[in-house]
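Reproduced below: model.tsv, with TSV, C-alpha atoms.
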chain	number	residue	atom	x	y	z
A	660	ASP	CA	-16.29	-49.28	19.80
A	661	PRO	CA	-12.89	-49.77	21.39
A	662	LYS	CA	-12.24	-53.38	22.29
A	663	ILE	CA	-9.57	-52.60	24.87
A	664	ILE	CA	-10.63	-49.95	27.35
A	665	GLN	CA	-8.09	-48.13	29.45
A	666	LYS	CA	-9.05	-45.72	32.19
A	667	PRO	CA	-8.31	-42.97	32.85
A	668	LYS	CA	-6.93	-41.51	29.65
A	669	TYR	CA	-4.93	-38.90	31.55
A	670	LEU	CA	-3.65	-39.05	35.12
A	671	VAL	CA	-1.71	-36.53	37.17
A	672	ALA	CA	-0.14	-37.67	40.43
A	673	VAL	CA	2.17	-36.26	43.06
A	674	THR	CA	5.49	-37.87	43.94
A	675	GLY	CA	5.09	-40.60	46.54
A	676	SER	CA	1.42	-41.29	45.84
A	677	GLU	CA	-0.19	-44.45	44.50
A	678	LYS	CA	-2.35	-44.90	41.41
A	679	ILE	CA	-4.18	-47.72	39.67
A	680	LEU	CA	-4.45	-47.91	35.89
A	681	ILE	CA	-7.47	-49.84	34.64
A	682	CYS	CA	-7.62	-52.15	31.63
A	683	GLU	CA	-10.48	-54.25	30.28
A	684	GLN	CA	-10.49	-56.15	27.01
A	685	TYR	CA	-13.49	-57.42	25.07
A	686	LEU	CA	-11.68	-59.40	22.40
A	687	GLY	CA	-12.05	-62.73	24.20
A	688	HIS	CA	-8.28	-63.05	24.50
A	689	ASN	CA	-6.62	-65.18	27.15
A	690	ALA	CA	-3.39	-63.18	27.47
A	691	MET	CA	-2.92	-59.58	28.55
A	692	TYR	CA	0.09	-57.31	28.84
A	693	TRP	CA	1.39	-53.96	29.99
A	694	TYR	CA	3.80	-51.84	27.99
A	695	ARG	CA	5.29	-48.44	28.74
A	696	GLN	CA	6.17	-45.64	26.33
A	697	SER	CA	8.42	-42.95	27.77
A	698	ALA	CA	9.52	-39.82	25.97
A	699	LYS	CA	12.17	-40.63	23.37
A	700	LYS	CA	12.22	-44.36	24.21
A	701	PRO	CA	10.79	-47.32	22.33
A	702	LEU	CA	7.76	-49.15	23.61
A	703	GLU	CA	8.93	-51.27	26.49
A	704	PHE	CA	7.43	-54.57	27.64
A	705	MET	CA	6.55	-54.73	31.35
A	706	PHE	CA	4.35	-57.75	32.18
A	707	SER	CA	2.49	-60.62	30.61
A	708	TYR	CA	-0.46	-62.59	32.01
A	709	SER	CA	-2.06	-65.71	30.64
A	710	TYR	CA	-5.35	-67.01	32.08
A	711	GLN	CA	-4.91	-64.53	34.93
A	712	LYS	CA	-1.49	-65.90	35.88
A	713	LEU	CA	1.68	-63.85	35.76
A	714	MET	CA	3.93	-65.25	33.06
A	715	ASP	CA	6.71	-62.73	32.79
A	716	ASN	CA	7.86	-59.64	34.60
A	717	GLN	CA	10.45	-57.40	32.95
A	718	THR	CA	10.01	-54.56	35.40
A	719	ALA	CA	12.80	-54.26	37.91
A	720	SER	CA	10.79	-52.37	40.46
A	721	SER	CA	8.29	-54.00	42.82
A	722	ARG	CA	6.44	-50.68	42.86
A	723	PHE	CA	4.64	-51.90	39.76
A	724	GLN	CA	2.07	-54.59	40.53
A	725	PRO	CA	-0.41	-55.98	37.99
A	726	GLN	CA	-3.76	-57.15	39.33
A	727	SER	CA	-6.14	-59.47	37.50
A	728	SER	CA	-9.53	-59.73	39.19
A	729	LYS	CA	-11.31	-61.13	36.13
A	730	LYS	CA	-10.25	-62.95	32.99
A	731	ASN	CA	-10.57	-59.83	30.85
A	732	HIS	CA	-9.12	-57.36	33.36
A	733	LEU	CA	-5.52	-56.47	34.03
A	734	ASP	CA	-5.00	-53.40	36.17
A	735	LEU	CA	-1.63	-51.89	37.04
A	736	GLN	CA	-0.99	-50.56	40.53
A	737	ILE	CA	1.95	-48.19	40.89
A	738	THR	CA	3.08	-47.19	44.37
A	739	ALA	CA	5.52	-44.57	45.64
A	740	LEU	CA	5.32	-42.72	42.33
A	741	LYS	CA	8.40	-40.94	41.00
A	742	PRO	CA	8.71	-38.32	38.25
A	743	ASP	CA	10.59	-40.94	36.17
A	744	ASP	CA	7.40	-43.00	36.09
A	745	SER	CA	5.85	-40.35	33.84
A	746	ALA	CA	4.96	-42.16	30.62
A	747	THR	CA	2.08	-43.52	28.63
A	748	TYR	CA	1.12	-46.99	29.78
A	749	PHE	CA	-0.47	-49.29	27.22
A	750	CYS	CA	-2.47	-52.38	27.93
A	751	ALA	CA	-2.53	-55.04	25.22
A	752	SER	CA	-4.02	-58.47	24.68
A	753	SER	CA	-3.64	-61.46	22.39
A	754	GLN	CA	-4.85	-64.96	21.87
A	755	GLU	CA	-1.94	-66.90	23.26
A	756	THR	CA	-0.98	-69.74	21.00
A	757	GLY	CA	2.30	-70.82	22.56
A	758	GLY	CA	4.49	-69.54	19.75
A	759	SER	CA	6.23	-66.31	18.93
A	760	GLN	CA	3.59	-65.16	16.49
A	761	ASN	CA	1.00	-63.79	18.90
A	762	THR	CA	-0.42	-60.60	17.47
A	763	LEU	CA	-0.90	-57.99	20.16
A	764	TYR	CA	-3.75	-55.50	20.15
A	765	PHE	CA	-3.25	-52.33	22.15
A	766	GLY	CA	-5.51	-49.98	24.04
A	767	ALA	CA	-5.34	-46.20	23.67
A	768	GLY	CA	-3.14	-45.83	26.75
A	769	THR	CA	-3.12	-43.94	30.04
A	770	ARG	CA	-0.84	-40.94	30.06
A	771	LEU	CA	0.62	-40.57	33.54
A	772	SER	CA	2.36	-37.41	34.71
A	773	VAL	CA	4.07	-37.45	38.10
A	774	LEU	CA	4.83	-34.03	39.58
B	1311	GLY	CA	19.79	-59.52	22.91
B	1312	ASP	CA	17.09	-59.07	20.28
B	1313	SER	CA	16.75	-55.61	18.80
B	1314	VAL	CA	15.18	-53.65	15.97
B	1315	THR	CA	16.69	-50.65	14.22
B	1316	GLN	CA	14.67	-48.16	12.21
B	1317	THR	CA	16.98	-45.94	10.25
B	1318	GLU	CA	14.72	-42.97	9.73
B	1319	GLY	CA	13.41	-40.99	12.65
B	1320	GLN	CA	11.19	-38.92	10.41
B	1321	VAL	CA	10.14	-39.06	6.77
B	1322	ALA	CA	8.39	-36.22	4.96
B	1323	LEU	CA	6.70	-36.93	1.62
B	1324	SER	CA	4.16	-35.39	-0.68
B	1325	GLU	CA	0.90	-37.19	-1.48
B	1326	GLU	CA	1.31	-39.97	-4.07
B	1327	ASP	CA	5.03	-40.34	-3.31
B	1328	PHE	CA	6.57	-43.77	-2.81
B	1329	LEU	CA	7.36	-44.68	0.78
B	1330	THR	CA	10.14	-46.81	2.19
B	1331	ILE	CA	10.86	-47.08	5.90
B	1332	HIS	CA	13.87	-49.21	6.70
B	1333	CYS	CA	13.81	-51.85	9.42
B	1334	ASN	CA	16.68	-54.15	10.31
B	1335	TYR	CA	16.72	-56.61	13.14
B	1336	SER	CA	19.17	-58.55	15.24
B	1337	ALA	CA	17.89	-61.79	16.72
B	1338	SER	CA	18.79	-65.42	17.08
B	1339	GLY	CA	16.75	-68.03	15.30
B	1340	TYR	CA	13.66	-67.15	13.36
B	1341	PRO	CA	11.73	-64.25	14.85
B	1342	ALA	CA	8.30	-63.14	13.74
B	1343	LEU	CA	8.35	-59.58	12.36
B	1344	PHE	CA	5.60	-57.00	12.67
B	1345	TRP	CA	4.64	-53.51	11.58
B	1346	TYR	CA	2.46	-51.35	13.80
B	1347	VAL	CA	1.12	-47.85	13.19
B	1348	GLN	CA	0.33	-45.30	15.88
B	1349	TYR	CA	-1.87	-42.24	15.38
B	1350	PRO	CA	-1.80	-39.33	17.84
B	1351	GLY	CA	-3.60	-40.12	21.08
B	1352	GLU	CA	-4.02	-43.80	20.21
B	1353	GLY	CA	-2.24	-47.05	20.90
B	1354	PRO	CA	-0.21	-48.92	18.30
B	1355	GLN	CA	-2.38	-50.68	15.73
B	1356	PHE	CA	-1.31	-53.94	14.14
B	1357	LEU	CA	-0.66	-53.60	10.41
B	1358	PHE	CA	0.68	-57.01	9.45
B	1359	ARG	CA	3.31	-59.61	10.25
B	1360	ALA	CA	5.55	-62.18	8.55
B	1361	SER	CA	7.00	-65.31	10.07
B	1362	ARG	CA	9.34	-66.87	7.55
B	1363	ASP	CA	11.95	-65.93	5.00
B	1364	LYS	CA	10.58	-64.30	1.81
B	1365	GLU	CA	7.07	-64.09	3.25
B	1366	LYS	CA	5.31	-60.84	2.35
B	1367	GLY	CA	2.99	-59.17	4.77
B	1368	SER	CA	0.55	-56.52	3.60
B	1369	SER	CA	-2.37	-54.38	4.68
B	1370	ARG	CA	-4.00	-51.10	3.58
B	1371	GLY	CA	-1.57	-50.77	0.67
B	1372	PHE	CA	1.51	-51.20	2.87
B	1373	GLU	CA	3.76	-54.19	2.43
B	1374	ALA	CA	7.04	-55.65	3.66
B	1375	THR	CA	9.00	-58.80	2.81
B	1376	TYR	CA	10.88	-60.84	5.38
B	1377	ASN	CA	14.52	-61.02	4.29
B	1378	LYS	CA	16.48	-63.31	6.56
B	1379	GLU	CA	19.76	-62.89	4.72
B	1380	ALA	CA	19.66	-59.12	5.01
B	1381	THR	CA	17.87	-59.28	8.41
B	1382	SER	CA	15.40	-56.71	7.10
B	1383	PHE	CA	11.68	-56.05	6.93
B	1384	HIS	CA	11.35	-52.72	5.13
B	1385	LEU	CA	7.92	-51.08	4.92
B	1386	GLN	CA	6.79	-49.79	1.53
B	1387	LYS	CA	3.77	-48.13	0.02
B	1388	ALA	CA	3.44	-47.12	-3.60
B	1389	SER	CA	1.41	-43.95	-3.12
B	1390	VAL	CA	1.01	-42.32	0.28
B	1391	GLN	CA	-1.95	-40.20	1.34
B	1392	GLU	CA	-2.22	-37.49	3.95
B	1393	SER	CA	-4.18	-39.91	6.13
B	1394	ASP	CA	-1.09	-42.15	6.33
B	1395	SER	CA	0.64	-39.57	8.52
B	1396	ALA	CA	1.48	-41.41	11.73
B	1397	VAL	CA	4.34	-43.12	13.56
B	1398	TYR	CA	5.31	-46.54	12.22
B	1399	TYR	CA	6.96	-49.18	14.39
B	1400	CYS	CA	8.80	-52.28	13.32
B	1401	ALA	CA	8.85	-55.02	15.96
B	1402	LEU	CA	9.97	-58.58	16.46
B	1403	SER	CA	8.91	-61.47	18.61
B	1404	ASN	CA	11.16	-64.42	19.24
B	1405	ARG	CA	10.75	-67.92	20.62
B	1406	GLY	CA	12.18	-68.15	24.07
B	1407	SER	CA	11.32	-64.54	24.84
B	1408	ALA	CA	8.74	-63.61	27.42
B	1409	LEU	CA	5.15	-64.28	26.39
B	1410	GLY	CA	3.90	-61.33	24.35
B	1411	ARG	CA	7.21	-59.56	24.46
B	1412	LEU	CA	7.66	-57.50	21.32
B	1413	HIS	CA	10.94	-55.69	20.74
B	1414	PHE	CA	10.00	-52.41	19.11
B	1415	GLY	CA	12.13	-50.11	17.04
B	1416	ALA	CA	12.31	-46.43	17.91
B	1417	GLY	CA	9.60	-45.58	15.42
B	1418	THR	CA	9.51	-43.51	12.22
B	1419	GLN	CA	7.26	-40.49	12.00
B	1420	LEU	CA	5.72	-40.18	8.56
B	1421	ILE	CA	4.51	-36.75	7.53
B	1422	VAL	CA	2.56	-36.59	4.27
B	1423	ILE	CA	2.12	-33.12	2.86
B	1424	PRO	CA	-1.04	-32.60	0.81

Translate this file's structure into structure tokens.
Amino acid sequence: DPKIIQKPKYLVAVTGSEKILICEQYLGHNAMYWYRQSAKKPLEFMFSYSYQKLMDNQTASSRFQPQSSKKNHLDLQITALKPDDSATYFCASSQETGGSQNTLYFGAGTRLSVL
Amino acid sequence: GDSVTQTEGQVALSEEDFLTIHCNYSASGYPALFWYVQYPGEGPQFLFRASRDKEKGSSRGFEATYNKEATSFHLQKASVQESDSAVYYCALSNRGSALGRLHFGAGTQLIVIP
């Protein structure tokens, strides 16, 4: 059974609309993250949360807002969608140990297409 | 800034061939180095990591040795199988970076021909 569940797997949206990407992890980890994978670009770090608190934000746009309603949830709200937002968004988690050696475990991703 | 370079964009091999995927990094200090594998329709899966010079990481027959002098962490496997076909990512994590921030290489697609 997958330990990190992302919903939906595929998402089609129109320009200007708003969508929420869902992520739940059942690994008992205390840190969660969002990454983005665009066509022909490396995986790109977006956000990190630890114990439901935002730790780091590497996303320039305020249109991307993570939301953590429970310890094992980290959703991603995207507003005013643009075609450039089309990408696969991966949720990940780790047991945060305060060093640089945290091993991240990724979900299967949500593939977003903005028309 | 920290970065990872994977030389090969794509590697095509026959079953039982020897695999090398090259990974070089640029980072200050002593980063932790990782290999991830991604199958179609899935997220990246952790293969293994190494945290200090000359440390060897290994999993599922794949291995890589941390070489600080050469700033490399090349992935190798002695005998590939068709089921190894996937995209392989080298990544690094450094102290002082954002929590959970991995710098990924561009990825190397491995195609194993039966």

If we count all atoms listed in the file and set the cut-off at 9 Å, which residues sit around Ala1360 in chain B, ignoring sequence neighbours fewer than 3 positions away in its own chain? Please answer as an MDAnalysis selection string. (chainID A and resid 760) or (chainID B and resid 1342:1344 1363:1367 1374:1376 1383)

Compute the chain A side of the contact with chain B at 12 Å, counting all atoms listed in the file, and hand it back as a PyMOL selection string. chain A and resi 661-665+668-669+689-709+712-717+747-770

Please save C-alpha atoms of the selected residues as a PDB file, keeping the file's coordinate frame.
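So the final result, stored in result35.pdb, reads:
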ATOM      1  CA  PRO A 661     -12.890 -49.770  21.390  1.00  0.00           C
ATOM      2  CA  LYS A 662     -12.240 -53.380  22.290  1.00  0.00           C
ATOM      3  CA  ILE A 663      -9.570 -52.600  24.870  1.00  0.00           C
ATOM      4  CA  ILE A 664     -10.630 -49.950  27.350  1.00  0.00           C
ATOM      5  CA  GLN A 665      -8.090 -48.130  29.450  1.00  0.00           C
ATOM      6  CA  LYS A 668      -6.930 -41.510  29.650  1.00  0.00           C
ATOM      7  CA  TYR A 669      -4.930 -38.900  31.550  1.00  0.00           C
ATOM      8  CA  ASN A 689      -6.620 -65.180  27.150  1.00  0.00           C
ATOM      9  CA  ALA A 690      -3.390 -63.180  27.470  1.00  0.00           C
ATOM     10  CA  MET A 691      -2.920 -59.580  28.550  1.00  0.00           C
ATOM     11  CA  TYR A 692       0.090 -57.310  28.840  1.00  0.00           C
ATOM     12  CA  TRP A 693       1.390 -53.960  29.990  1.00  0.00           C
ATOM     13  CA  TYR A 694       3.800 -51.840  27.990  1.00  0.00           C
ATOM     14  CA  ARG A 695       5.290 -48.440  28.740  1.00  0.00           C
ATOM     15  CA  GLN A 696       6.170 -45.640  26.330  1.00  0.00           C
ATOM     16  CA  SER A 697       8.420 -42.950  27.770  1.00  0.00           C
ATOM     17  CA  ALA A 698       9.520 -39.820  25.970  1.00  0.00           C
ATOM     18  CA  LYS A 699      12.170 -40.630  23.370  1.00  0.00           C
ATOM     19  CA  LYS A 700      12.220 -44.360  24.210  1.00  0.00           C
ATOM     20  CA  PRO A 701      10.790 -47.320  22.330  1.00  0.00           C
ATOM     21  CA  LEU A 702       7.760 -49.150  23.610  1.00  0.00           C
ATOM     22  CA  GLU A 703       8.930 -51.270  26.490  1.00  0.00           C
ATOM     23  CA  PHE A 704       7.430 -54.570  27.640  1.00  0.00           C
ATOM     24  CA  MET A 705       6.550 -54.730  31.350  1.00  0.00           C
ATOM     25  CA  PHE A 706       4.350 -57.750  32.180  1.00  0.00           C
ATOM     26  CA  SER A 707       2.490 -60.620  30.610  1.00  0.00           C
ATOM     27  CA  TYR A 708      -0.460 -62.590  32.010  1.00  0.00           C
ATOM     28  CA  SER A 709      -2.060 -65.710  30.640  1.00  0.00           C
ATOM     29  CA  LYS A 712      -1.490 -65.900  35.880  1.00  0.00           C
ATOM     30  CA  LEU A 713       1.680 -63.850  35.760  1.00  0.00           C
ATOM     31  CA  MET A 714       3.930 -65.250  33.060  1.00  0.00           C
ATOM     32  CA  ASP A 715       6.710 -62.730  32.790  1.00  0.00           C
ATOM     33  CA  ASN A 716       7.860 -59.640  34.600  1.00  0.00           C
ATOM     34  CA  GLN A 717      10.450 -57.400  32.950  1.00  0.00           C
ATOM     35  CA  THR A 747       2.080 -43.520  28.630  1.00  0.00           C
ATOM     36  CA  TYR A 748       1.120 -46.990  29.780  1.00  0.00           C
ATOM     37  CA  PHE A 749      -0.470 -49.290  27.220  1.00  0.00           C
ATOM     38  CA  CYS A 750      -2.470 -52.380  27.930  1.00  0.00           C
ATOM     39  CA  ALA A 751      -2.530 -55.040  25.220  1.00  0.00           C
ATOM     40  CA  SER A 752      -4.020 -58.470  24.680  1.00  0.00           C
ATOM     41  CA  SER A 753      -3.640 -61.460  22.390  1.00  0.00           C
ATOM     42  CA  GLN A 754      -4.850 -64.960  21.870  1.00  0.00           C
ATOM     43  CA  GLU A 755      -1.940 -66.900  23.260  1.00  0.00           C
ATOM     44  CA  THR A 756      -0.980 -69.740  21.000  1.00  0.00           C
ATOM     45  CA  GLY A 757       2.300 -70.820  22.560  1.00  0.00           C
ATOM     46  CA  GLY A 758       4.490 -69.540  19.750  1.00  0.00           C
ATOM     47  CA  SER A 759       6.230 -66.310  18.930  1.00  0.00           C
ATOM     48  CA  GLN A 760       3.590 -65.160  16.490  1.00  0.00           C
ATOM     49  CA  ASN A 761       1.000 -63.790  18.900  1.00  0.00           C
ATOM     50  CA  THR A 762      -0.420 -60.600  17.470  1.00  0.00           C
ATOM     51  CA  LEU A 763      -0.900 -57.990  20.160  1.00  0.00           C
ATOM     52  CA  TYR A 764      -3.750 -55.500  20.150  1.00  0.00           C
ATOM     53  CA  PHE A 765      -3.250 -52.330  22.150  1.00  0.00           C
ATOM     54  CA  GLY A 766      -5.510 -49.980  24.040  1.00  0.00           C
ATOM     55  CA  ALA A 767      -5.340 -46.200  23.670  1.00  0.00           C
ATOM     56  CA  GLY A 768      -3.140 -45.830  26.750  1.00  0.00           C
ATOM     57  CA  THR A 769      -3.120 -43.940  30.040  1.00  0.00           C
ATOM     58  CA  ARG A 770      -0.840 -40.940  30.060  1.00  0.00           C
TER      59      ARG A 770
END

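Using all atoms listed in the file, the shortest contact distance between Lys678 in chain A and any of A:Val773, A:Ala719, A:Ile737, A:Ala746 is found at A:Ile737.
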
What is the CA of Asp1394 in chain B-CA of Ser1382 in chain B distance in Å, reported with one decimal? 22.0 Å

Skipping near chain neighbours, those fewer than 3 positions away, what residues fall within 12 Å of Ala1322 in chain B using all atoms listed in the file, listed as a PyMOL selection string? chain B and resi 1318-1319+1325+1327-1331+1390-1392+1394-1397+1418-1424

CA of Trp1345 in chain B to CA of Glu1326 in chain B, straight-line distance in Å: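 So the answer is 21.0 Å.
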
I'd like the contact shell of Thr1381 in chain B - 9 Å cut-off, only C-alpha atoms, skipping same-chain residues fewer than 3 positions apart - returned as a list in words. Cys1333, Asn1334, Tyr1335, Ser1336, Ala1337, Tyr1376, Asn1377 and Lys1378 of chain B

My list of candidates is B:Ser1338, B:His1332, B:Asp1312, B:Arg1370. Which is closest to Ser1393 in chain B when distances are computed with only C-alpha atoms?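 With only C-alpha atoms as the atom set, the closest residue is B:Arg1370.
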
Counting only C-alpha atoms, which of A:His732, A:Gln711, A:Leu771, A:Val671 gets nearest to Tyr685 in chain A? A:His732

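We find CA of Ser1324 in chain B and CA of Gln1386 in chain B to be spaced 14.8 Å apart.
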
Which protein, DNA or RNA residues have an atom at most 10 Å from (9.6, -38.7, 39.2), counting all atoms listed in the file? List them as a list in words.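 It turns out the residues near that spot are Ala672, Val673, Thr674, Gly675, Ala739, Leu740, Lys741, Pro742, Asp743, Asp744, Ser745, Ser772, Val773 and Leu774 of chain A.
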
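Of the listed residues (A:Gln726, A:Asn731, A:Thr718, A:Gln736), A:Asn731 comes nearest to Gln684 in chain A; the distances count only C-alpha atoms.
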
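Around Ile681 in chain A, within 7 Å and counting only C-alpha atoms, the residues found are Gln665, Lys666, Leu733, Asp734 and Leu735 of chain A, once anything fewer than 5 positions away on its own chain is removed.
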
Can you give me N, CA and C atoms for range 679-690 of chain A, written as a PDB file, in the frame of the given file?
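selection.pdb, written as the output of this step:
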ATOM      1  N   ILE A 679      -3.827 -46.475  40.353  1.00  0.00           N
ATOM      2  CA  ILE A 679      -4.180 -47.720  39.670  1.00  0.00           C
ATOM      3  C   ILE A 679      -4.652 -47.391  38.265  1.00  0.00           C
ATOM      4  N   LEU A 680      -4.062 -48.060  37.287  1.00  0.00           N
ATOM      5  CA  LEU A 680      -4.450 -47.910  35.890  1.00  0.00           C
ATOM      6  C   LEU A 680      -5.331 -49.113  35.541  1.00  0.00           C
ATOM      7  N   ILE A 681      -6.467 -48.815  34.903  1.00  0.00           N
ATOM      8  CA  ILE A 681      -7.470 -49.840  34.640  1.00  0.00           C
ATOM      9  C   ILE A 681      -7.401 -50.309  33.189  1.00  0.00           C
ATOM     10  N   CYS A 682      -7.568 -51.614  32.986  1.00  0.00           N
ATOM     11  CA  CYS A 682      -7.620 -52.150  31.630  1.00  0.00           C
ATOM     12  C   CYS A 682      -8.614 -53.281  31.543  1.00  0.00           C
ATOM     13  N   GLU A 683      -9.523 -53.182  30.552  1.00  0.00           N
ATOM     14  CA  GLU A 683     -10.480 -54.250  30.280  1.00  0.00           C
ATOM     15  C   GLU A 683     -10.439 -54.542  28.780  1.00  0.00           C
ATOM     16  N   GLN A 684     -10.459 -55.821  28.436  1.00  0.00           N
ATOM     17  CA  GLN A 684     -10.490 -56.150  27.010  1.00  0.00           C
ATOM     18  C   GLN A 684     -11.708 -57.013  26.693  1.00  0.00           C
ATOM     19  N   TYR A 685     -12.275 -56.727  25.511  1.00  0.00           N
ATOM     20  CA  TYR A 685     -13.490 -57.420  25.070  1.00  0.00           C
ATOM     21  C   TYR A 685     -13.250 -58.118  23.741  1.00  0.00           C
ATOM     22  N   LEU A 686     -12.043 -58.656  23.602  1.00  0.00           N
ATOM     23  CA  LEU A 686     -11.680 -59.400  22.400  1.00  0.00           C
ATOM     24  C   LEU A 686     -11.730 -60.897  22.648  1.00  0.00           C
ATOM     25  N   GLY A 687     -12.017 -61.305  23.881  1.00  0.00           N
ATOM     26  CA  GLY A 687     -12.050 -62.730  24.200  1.00  0.00           C
ATOM     27  C   GLY A 687     -10.676 -63.363  24.286  1.00  0.00           C
ATOM     28  N   HIS A 688      -9.644 -62.539  24.438  1.00  0.00           N
ATOM     29  CA  HIS A 688      -8.280 -63.050  24.500  1.00  0.00           C
ATOM     30  C   HIS A 688      -7.953 -63.629  25.867  1.00  0.00           C
ATOM     31  N   ASN A 689      -6.992 -64.549  25.879  1.00  0.00           N
ATOM     32  CA  ASN A 689      -6.620 -65.180  27.150  1.00  0.00           C
ATOM     33  C   ASN A 689      -5.308 -64.635  27.714  1.00  0.00           C
ATOM     34  N   ALA A 690      -4.646 -63.754  26.983  1.00  0.00           N
ATOM     35  CA  ALA A 690      -3.390 -63.180  27.470  1.00  0.00           C
ATOM     36  C   ALA A 690      -3.464 -61.657  27.437  1.00  0.00           C
TER      37      ALA A 690
END
